[in-house]
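Asker: Before we start, here is the structure in question, set down as structure tokens.
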Amino acid sequence: MNVIEIRNLTFAYDKDIVLENVNLDVEEKDFLAIIGPNGGGKSTLLKLILGVNKVQKGSIKVFGEAPHKNLSSIGYVPQNTNINTDFPIKVIEVVLMGHVGEKRPLFGYGKDEIACAMGALSQVGMQHYAQNKIGSLSGGQRQRVMIARALCAHPRILILDEPTASIDTKGQKEIYELLRLLNKEITVIVVSHDISVILEYANKAAHVNRTLSFHDISDKKKTFHTHGDQDHFCEIELLEMLGADSCNTCNPDTDPLEPAGKWREAK
Ligand SMILES: Nc1ncnc2c1ncn2[C@@H]1O[C@H](COP(=O)(O)OP(=O)(O)OP(=O)(O)O)[C@@H](O)[C@H]1O
């Protein structure tokens with residue numbers, strides 16, 4: 001079942017076309033990685049899916065309806081959640097903010113909402129930090145709390161914009177492992193520049209740079225070669241596949257790659 005369907009979408013800020021003739025199907029329980037260069041239109045695409053930007057040409061359907069009709073089905077973790085870490089707010093209070101719209105923070109939250117927020121914190125392994133100040137957490141822990149906040153409304157799709165930016169390698173891995181776990185129940189869409197990391201977790205990849213090219217990467221063994229004994233998928237192969245011509249981690253002169261193009265036969 002498609003949870004998101006995008007057809008012939010073209011979007012411009014004033015007259016500057018940022019997305020052109022984009023088509024995309026996201027199925028239930030997909031883990032979709034959206035990659036692409038700075039300014040390529042990734043965040044704009046997310047804002048269209050979230051109903052923040054209005055569709056101008058073409059269509060977007062979320063669970064068969066216009067995005068604004070299904071807002072509660074999407075949990076969103078924005079880029080650079082720069083919570084003022086000096087602000088003396090507790091972790092549980094940050095998560096409770098996930099109860100957008102329906103609740104009345106001025107009059108306090110009810111037992112049900114607090115139980116629900118604690119449940120979301122347990123889902124991300126942060127229940128023991130509920131009473132800690134948000135500013136006392138590491139970047140990775142803070143990001144888990146932001147994920148718990150998005151989970152508070154029981155979304156069926158979780159969208160994250162650069163969730164591991166400025167988090168150390170160990171913290172990044174923990175976030176992706178958490179997303180893998182959550183992906184057993186819900187659809188996950190991640191915008192990321194960490195291509196090599198995300199390829200290990202995603203089953204689909206969309207490269208956005210004004211146009212969108214889409215690839216099913218669920219069978220990594222067929223799609224990418226592993227390097228020696230290590231289960232490492234090379235960015236150069238993905239970039240080749242996407243028609244790009246540079247790679248920032250692998251050296252094509254020294255890496256023992258099979259001849260370019262072989263993945264295509266395997267597909
Ligand atoms: N509100 C806006 N008004 C006008 N132009 C905008 C607006 N938001 C984004 N743009 C422009 O649209 C283009 C795509 O921006 P967008 O933020 O979607 O790219 P991105 O792929 O998410 O980039 P990054 O990886 O740097 O976050 C850029 O040229 C940007 O300057």
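Ordering of the structure tokens sets the chain letters (A, B, ...), residue numbers begin anew at 1 in every chain, and ligands are numbered from 1 in the order given.
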With only C-alpha atoms as the counted atoms, please give the residues lying no more than 8 Å from region 161-174 of chain A, apart from itself and same-chain residues fewer than 2 positions off, as a ChimeraX atom specification.
Answerer: /A:43,77-80,139-141,143,159,176-178,190-193
Asker: Could those selected residues go to a file with N, CA and C atoms, as a compact mmCIF listing (two decimals), in the first residue's frame?
Answerer:
# COMPACT_ATOMS: atom_id res chain seq x y z
N SER A 43 14.47 19.64 1.44
CA SER A 43 13.59 20.20 2.49
C SER A 43 12.30 20.72 1.88
N VAL A 77 10.61 15.35 12.58
CA VAL A 77 11.75 15.80 13.39
C VAL A 77 12.55 16.76 12.49
N PRO A 78 12.44 18.07 12.75
CA PRO A 78 13.08 19.03 11.85
C PRO A 78 14.60 19.05 11.97
N GLN A 79 15.21 19.72 11.00
CA GLN A 79 16.66 19.87 10.97
C GLN A 79 17.07 20.81 12.12
N ASN A 80 18.26 20.61 12.67
CA ASN A 80 18.80 21.53 13.69
C ASN A 80 17.78 21.91 14.74
N GLY A 139 24.15 15.47 22.33
CA GLY A 139 23.43 15.73 21.07
C GLY A 139 22.61 14.53 20.65
N GLY A 140 23.17 13.33 20.77
CA GLY A 140 22.47 12.11 20.36
C GLY A 140 21.26 11.85 21.25
N GLN A 141 21.43 12.06 22.57
CA GLN A 141 20.30 11.85 23.49
C GLN A 141 19.19 12.86 23.20
N GLN A 143 18.52 14.23 20.40
CA GLN A 143 17.84 13.86 19.16
C GLN A 143 16.83 12.74 19.43
N ILE A 159 9.17 11.37 9.65
CA ILE A 159 10.05 12.06 8.70
C ILE A 159 11.12 12.82 9.49
N TYR A 176 20.35 5.56 14.06
CA TYR A 176 19.90 4.74 12.92
C TYR A 176 19.38 3.37 13.39
N GLU A 177 20.01 2.81 14.45
CA GLU A 177 19.51 1.54 14.98
C GLU A 177 18.10 1.73 15.55
N LEU A 178 17.91 2.86 16.20
CA LEU A 178 16.58 3.18 16.74
C LEU A 178 15.57 3.30 15.59
N VAL A 190 14.07 9.64 5.77
CA VAL A 190 15.18 10.41 6.33
C VAL A 190 15.89 11.18 5.24
N VAL A 191 16.04 12.48 5.44
CA VAL A 191 16.92 13.28 4.58
C VAL A 191 18.29 13.23 5.22
N SER A 192 19.29 12.88 4.45
CA SER A 192 20.61 12.77 5.06
C SER A 192 21.71 13.00 4.04
N HIS A 193 22.85 13.46 4.56
CA HIS A 193 24.04 13.52 3.73
C HIS A 193 24.97 12.34 4.02
Asker: Can you list every residue in region 60-209 of chain A that DSSP puts in alpha helix (DSSP H), as a ChimeraX atom specification?
Answerer: /A:91-96,111-123,139-151,169-182,195-201
Asker: How about saving the chosen residues, C-alpha atoms kept, as a PDB file, in the first residue's frame?
Answerer:
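Generated output (result_36.pdb):
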ATOM      1  CA  VAL A  91      12.906  16.167  28.907  1.00  0.00           C
ATOM      2  CA  ILE A  92       9.322  15.081  29.680  1.00  0.00           C
ATOM      3  CA  GLU A  93       8.090  18.628  28.978  1.00  0.00           C
ATOM      4  CA  VAL A  94       9.781  18.656  25.576  1.00  0.00           C
ATOM      5  CA  VAL A  95       8.113  15.346  24.692  1.00  0.00           C
ATOM      6  CA  LEU A  96       4.712  16.555  25.897  1.00  0.00           C
ATOM      7  CA  LYS A 111      -2.277  11.529  33.233  1.00  0.00           C
ATOM      8  CA  ASP A 112      -2.934   9.996  29.833  1.00  0.00           C
ATOM      9  CA  GLU A 113      -0.716  12.460  28.024  1.00  0.00           C
ATOM     10  CA  ILE A 114       2.070  12.013  30.548  1.00  0.00           C
ATOM     11  CA  ALA A 115       1.792   8.215  30.262  1.00  0.00           C
ATOM     12  CA  CYS A 116       1.872   8.534  26.495  1.00  0.00           C
ATOM     13  CA  ALA A 117       4.953  10.784  26.605  1.00  0.00           C
ATOM     14  CA  MET A 118       6.668   8.320  28.948  1.00  0.00           C
ATOM     15  CA  GLY A 119       5.780   5.533  26.492  1.00  0.00           C
ATOM     16  CA  ALA A 120       7.396   7.511  23.674  1.00  0.00           C
ATOM     17  CA  LEU A 121      10.504   8.061  25.812  1.00  0.00           C
ATOM     18  CA  SER A 122      10.678   4.302  26.482  1.00  0.00           C
ATOM     19  CA  GLN A 123      10.458   3.650  22.751  1.00  0.00           C
ATOM     20  CA  GLY A 139      23.432  15.731  21.073  1.00  0.00           C
ATOM     21  CA  GLY A 140      22.471  12.111  20.361  1.00  0.00           C
ATOM     22  CA  GLN A 141      20.303  11.850  23.488  1.00  0.00           C
ATOM     23  CA  ARG A 142      18.625  15.148  22.633  1.00  0.00           C
ATOM     24  CA  GLN A 143      17.837  13.864  19.164  1.00  0.00           C
ATOM     25  CA  ARG A 144      16.224  10.753  20.701  1.00  0.00           C
ATOM     26  CA  VAL A 145      14.035  13.045  22.774  1.00  0.00           C
ATOM     27  CA  MET A 146      13.030  14.945  19.622  1.00  0.00           C
ATOM     28  CA  ILE A 147      12.106  11.595  18.032  1.00  0.00           C
ATOM     29  CA  ALA A 148      10.042  10.730  21.145  1.00  0.00           C
ATOM     30  CA  ARG A 149       8.272  14.074  20.784  1.00  0.00           C
ATOM     31  CA  ALA A 150       7.362  13.219  17.188  1.00  0.00           C
ATOM     32  CA  LEU A 151       6.185   9.735  18.273  1.00  0.00           C
ATOM     33  CA  THR A 169      29.695   8.457  14.966  1.00  0.00           C
ATOM     34  CA  LYS A 170      28.550   6.297  17.894  1.00  0.00           C
ATOM     35  CA  GLY A 171      25.495   8.501  18.469  1.00  0.00           C
ATOM     36  CA  GLN A 172      24.702   8.400  14.739  1.00  0.00           C
ATOM     37  CA  LYS A 173      24.724   4.622  14.710  1.00  0.00           C
ATOM     38  CA  GLU A 174      22.458   4.521  17.760  1.00  0.00           C
ATOM     39  CA  ILE A 175      19.967   6.866  16.088  1.00  0.00           C
ATOM     40  CA  TYR A 176      19.901   4.738  12.919  1.00  0.00           C
ATOM     41  CA  GLU A 177      19.511   1.535  14.979  1.00  0.00           C
ATOM     42  CA  LEU A 178      16.582   3.176  16.739  1.00  0.00           C
ATOM     43  CA  LEU A 179      15.062   4.137  13.380  1.00  0.00           C
ATOM     44  CA  ARG A 180      15.521   0.563  12.183  1.00  0.00           C
ATOM     45  CA  LEU A 181      13.572  -0.635  15.208  1.00  0.00           C
ATOM     46  CA  LEU A 182      10.797   1.940  14.746  1.00  0.00           C
ATOM     47  CA  ILE A 195      25.144   8.324   2.301  1.00  0.00           C
ATOM     48  CA  SER A 196      27.222   5.340   3.330  1.00  0.00           C
ATOM     49  CA  VAL A 197      25.503   5.041   6.708  1.00  0.00           C
ATOM     50  CA  ILE A 198      21.988   5.463   5.474  1.00  0.00           C
ATOM     51  CA  LEU A 199      22.394   2.948   2.684  1.00  0.00           C
ATOM     52  CA  GLU A 200      22.789   0.252   5.291  1.00  0.00           C
ATOM     53  CA  TYR A 201      19.393   1.046   6.736  1.00  0.00           C
TER      54      TYR A 201
END
Asker: Excluding region 52-55 of chain A and its own-chain neighbours fewer than 6 positions away, which residues fall within 9 Å of it when counting only C-alpha atoms? Please give them as an mmCIF file with C-alpha atoms, in the first residue's frame.
Answerer:
data_model
loop_
_atom_site.group_PDB
_atom_site.id
_atom_site.type_symbol
_atom_site.label_atom_id
_atom_site.label_comp_id
_atom_site.auth_asym_id
_atom_site.auth_seq_id
_atom_site.Cartn_x
_atom_site.Cartn_y
_atom_site.Cartn_z
ATOM 1 C CA LEU A 9 5.011 17.599 -8.999
ATOM 2 C CA THR A 10 6.585 20.903 -10.003
ATOM 3 C CA PHE A 11 7.244 23.591 -7.398
ATOM 4 C CA THR A 44 11.175 21.767 0.013
ATOM 5 C CA LEU A 45 9.918 18.289 -0.869
ATOM 6 C CA LEU A 46 9.429 17.472 2.828
ATOM 7 C CA PRO A 67 -1.343 16.367 2.865
ATOM 8 C CA HIS A 68 -3.162 18.877 5.106
#
Asker: Using only C-alpha atoms and all ligand atoms, which of A:Val208, A:Cys152, A:Leu50, A:Met126 sits nearest ligand 1?
Answerer: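 For ligand 1, the nearest of the candidates is A:Val208.
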Asker: From a DSSP calculation on the backbone, collect every residue of region 15-175 of chain A in strand (DSSP E) and output the set as a ChimeraX atom specification.
Answerer: /A:16-27,31-35,57-62,74-77,157-161
Asker: Produce a file of the selected residues containing C-alpha atoms, as a tab-separated table (two decimals), in the first residue's frame.
Answerer:
chain	number	residue	atom	x	y	z
A	16	ASP	CA	12.57	29.78	-9.46
A	17	ILE	CA	11.70	26.17	-10.13
A	18	VAL	CA	13.10	24.03	-7.30
A	19	LEU	CA	11.37	20.72	-8.06
A	20	GLU	CA	10.39	19.61	-11.53
A	21	ASN	CA	8.15	16.76	-12.57
A	22	VAL	CA	8.78	14.71	-9.44
A	23	ASN	CA	7.16	11.29	-9.06
A	24	LEU	CA	7.49	9.13	-5.95
A	25	ASP	CA	5.72	6.21	-4.29
A	26	VAL	CA	6.42	5.47	-0.64
A	27	GLU	CA	5.01	2.19	0.58
A	31	PHE	CA	12.75	3.19	4.99
A	32	LEU	CA	13.36	5.88	2.37
A	33	ALA	CA	16.60	7.84	2.26
A	34	ILE	CA	16.39	11.21	0.51
A	35	ILE	CA	19.80	12.37	-0.56
A	57	LYS	CA	1.38	21.73	-10.05
A	58	GLY	CA	0.89	17.97	-9.93
A	59	SER	CA	-0.33	16.14	-6.84
A	60	ILE	CA	0.71	14.71	-3.46
A	61	LYS	CA	-1.43	12.21	-1.62
A	62	VAL	CA	-0.79	11.08	1.94
A	74	ILE	CA	3.06	12.20	10.11
A	75	GLY	CA	5.62	12.75	12.85
A	76	TYR	CA	8.29	15.27	11.91
A	77	VAL	CA	11.75	15.80	13.39
A	157	ILE	CA	5.06	7.96	9.02
A	158	LEU	CA	8.13	9.43	10.69
A	159	ILE	CA	10.05	12.06	8.70
A	160	LEU	CA	13.47	13.26	9.84
A	161	ASP	CA	15.50	16.05	8.25
Asker: Using only C-alpha atoms and all ligand atoms, what table do you get, as a Markdown table, when you list each residue of chain A with an atom no more than 6 Å from ligand 1, its nearest pair of atoms, and their distance in Å rounded to one decimal, rows by chain then rising number?
Answerer:
| residue | atom | partner | partner_atom_place_in_ligand_line | distance |
| --- | --- | --- | --- | --- |
| A:Tyr13 | CA | ligand 1 | 4 (C) | 5.0 |
| A:Val18 | CA | ligand 1 | 13 (C) | 5.5 |
| A:Pro37 | CA | ligand 1 | 25 (O) | 5.7 |
| A:Asn38 | CA | ligand 1 | 26 (O) | 3.5 |
| A:Gly39 | CA | ligand 1 | 19 (O) | 3.4 |
| A:Gly40 | CA | ligand 1 | 21 (O) | 3.8 |
| A:Gly41 | CA | ligand 1 | 18 (O) | 3.3 |
| A:Lys42 | CA | ligand 1 | 21 (O) | 3.8 |
| A:Ser43 | CA | ligand 1 | 22 (O) | 3.6 |
| A:Thr44 | CA | ligand 1 | 18 (O) | 3.7 |
Asker: Suppose we keep N, CA and C atoms; can you now write the selection as a compact mmCIF listing (two decimals), in the first residue's frame?
Answerer:
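To be explicit, this is the file written out as result13.txt:
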# COMPACT_ATOMS: atom_id res chain seq x y z
N TYR A 13 9.66 28.67 -6.00
CA TYR A 13 9.55 29.82 -5.11
C TYR A 13 9.58 31.02 -6.05
N VAL A 18 12.23 24.78 -8.21
CA VAL A 18 13.10 24.03 -7.30
C VAL A 18 12.89 22.52 -7.50
N PRO A 37 22.41 17.12 -3.27
CA PRO A 37 23.28 18.24 -2.89
C PRO A 37 22.55 19.35 -2.14
N ASN A 38 23.30 20.21 -1.50
CA ASN A 38 22.71 21.39 -0.84
C ASN A 38 21.92 22.19 -1.85
N GLY A 39 20.75 22.61 -1.45
CA GLY A 39 19.92 23.43 -2.34
C GLY A 39 19.22 22.62 -3.42
N GLY A 40 19.30 21.29 -3.34
CA GLY A 40 18.70 20.44 -4.37
C GLY A 40 17.19 20.35 -4.29
N GLY A 41 16.62 20.72 -3.13
CA GLY A 41 15.16 20.71 -2.99
C GLY A 41 14.61 19.68 -2.01
N LYS A 42 15.48 19.07 -1.20
CA LYS A 42 15.03 18.01 -0.28
C LYS A 42 14.06 18.56 0.78
N SER A 43 14.47 19.64 1.44
CA SER A 43 13.59 20.20 2.49
C SER A 43 12.30 20.72 1.88
N THR A 44 12.39 21.28 0.69
CA THR A 44 11.17 21.77 0.01
C THR A 44 10.21 20.61 -0.22
Asker: Select, from A:Val3, A:Ile49, A:Leu212, A:Ala12, the residue with the minimum atom-to-atom distance to Ile186 (chain A), counting only C-alpha atoms.
Answerer: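 Of the candidates, the smallest distance to Ile186 (chain A) is held by A:Val3.
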